[in-house]
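Asker: Here you go, one structure.
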Amino acid sequence: MPSDTALTVRNLKTYFYNNNRCNKAVNGVSFSIRRGKTLCIVGESGCGKSVTASSIMQLLPELSRIEEGNIVYHAKTGDVHIERLERNSDEMRSLRGAEIAMIFQDPMTALNPAYTIGFQIGETLKYHTAMSASEIRTRSLELLRDMGISLPEQRIDEYPHQYSGGMRQRAMIAMAMACNPKILIADEPTTALDVTIQAQIFELMDNLKVEYKTAIMLITHDMGVVAELADEVAVMYMGNIVESGTVDDVLRRPQHPYTQALLDSIPVLGRGKQQKIKAISGSTPDAYDRPVGCQFAPRCEKATIACNEMPLDTSITTSHTVRCWHPRDGAP
């Protein structure tokens, strides 16, 4: 394993059970995140991006479990197999926040309405550092100020309901960044923010990556964000990674029909209002009634009888892989 690898996920399978039915939300996902690099995971809603992140953090709901695979955090003291840890064990709790932090998509469910913002940021620092109470408050104020929150001396003692949606998002990002984690998982971190604050947040994340060699896993729908921030990209569909590679590989030379369809559905600046934006045909299949073989086949113009079997990962180059029987540049 290369020394710059922070996290390795291999053949991860996370299933949800409900009413005697099984939803294979993540069904054999493999990737690695390198120190000082950003891996962007993209795909439609429901493809398994957030479940992958929750599996890494061991924050899955009760009616779900990791059925198979490995999640290995390459710590300085040695490899930690996260999938073997109990969800609320001392070892797992010591990793969350200090070593691996997560910015959640919905701040209203991630923040506790009964405690002030300052208390919630300070709790992370109190648990994972040896700071005094005054040092914790000073650091919390600094984090709020860095996030662009005005009047931090006043806001630190306010509750989540007194914050706007964008401010709650920024407060949650401050919590995640408090201990300068080795791995930062950001699940749509700027959904509720305007573009100027988005730029500030991404600049802060970039600084974290440069100064502390933090490995970042960024979940997003925004291909513009991918083009700007990603070093590597993984495209997910129905619980599988269908294409992965460097940002240049995936955005400039897409091989999977789904990746190409995602790119075709984005308006291009400068082409004017007459440009044609193609929607992806069909809709995402029912998670409990999946198609046989390639999951994208029912929506794919290139589908043939071969697609009744799930294709294996095929290397296009040393850095670029695709899972498709009919990649753009020819058959595997």
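Residue names in the structure tokens use chain letters A, B, ... in the order shown, residue numbers from 1 in each chain, and ligand numbers from 1 in the order shown.
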Pick out each residue of segment 33-265 of chain A that DSSP on the backbone tags as strand (DSSP E); I need them as an MDAnalysis selection string.
Answerer: chainID A and resid 33:34 38:42 64:75 78:81 100:103 183:187 215:219 232:237 240:246
Asker: Quick one: contact table of segment 134-239 of chain A to segment 264-283 of chain A, 12 Å max, nearest atom pair and distance in Å to one decimal per residue, counting only C-alpha atoms, chain and number order, as JSON lines?
Answerer:
```
{"residue": "A:His221", "atom": "CA", "partner": "A:Ile266", "partner_atom": "CA", "distance": 10.6}
{"residue": "A:Asp222", "atom": "CA", "partner": "A:Ile266", "partner_atom": "CA", "distance": 9.2}
{"residue": "A:Met223", "atom": "CA", "partner": "A:Ile266", "partner_atom": "CA", "distance": 8.0}
{"residue": "A:Gly224", "atom": "CA", "partner": "A:Ile266", "partner_atom": "CA", "distance": 9.3}
{"residue": "A:Tyr237", "atom": "CA", "partner": "A:Ser283", "partner_atom": "CA", "distance": 11.9}
{"residue": "A:Met238", "atom": "CA", "partner": "A:Ser283", "partner_atom": "CA", "distance": 11.6}
```
Asker: Have a look at A:Leu193, A:Val26, A:Ala176, A:Ile156 and name the one nearest to Tyr115 of chain A; count only C-alpha atoms.
Answerer: A:Ile156
Asker: Mind running segment 151-216 of chain A against segment 74-90 of chain A at 12 Å and telling me each contacting residue's nearest atom pair with the distance in Å (one decimal), counting only C-alpha atoms, chain and number ascending, as a Markdown table?
Answerer:
```
| residue | atom | partner | partner_atom | distance |
| --- | --- | --- | --- | --- |
| A:Pro181 | CA | A:Ala75 | CA | 11.6 |
| A:Lys182 | CA | A:Ala75 | CA | 8.8 |
| A:Ile183 | CA | A:His74 | CA | 10.4 |
| A:Ala215 | CA | A:His74 | CA | 11.4 |
```
Asker: Considering only alpha helix (DSSP H) as DSSP defines it on the backbone, what residues of segment 73-271 of chain A qualify? List them as an NGL selection string.
Answerer: :A and (90-95 or 107-110 or 117-128 or 133-146 or 152-155 or 165-177 or 195-212 or 223-229 or 247-252 or 257-264)
Asker: A:Ser64, A:Asn112, A:Thr191, A:Thr38: which is nearest Arg21 of chain A, counting only C-alpha atoms?
Answerer: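 For Arg21 of chain A, the nearest of the given residues is A:Ser64.
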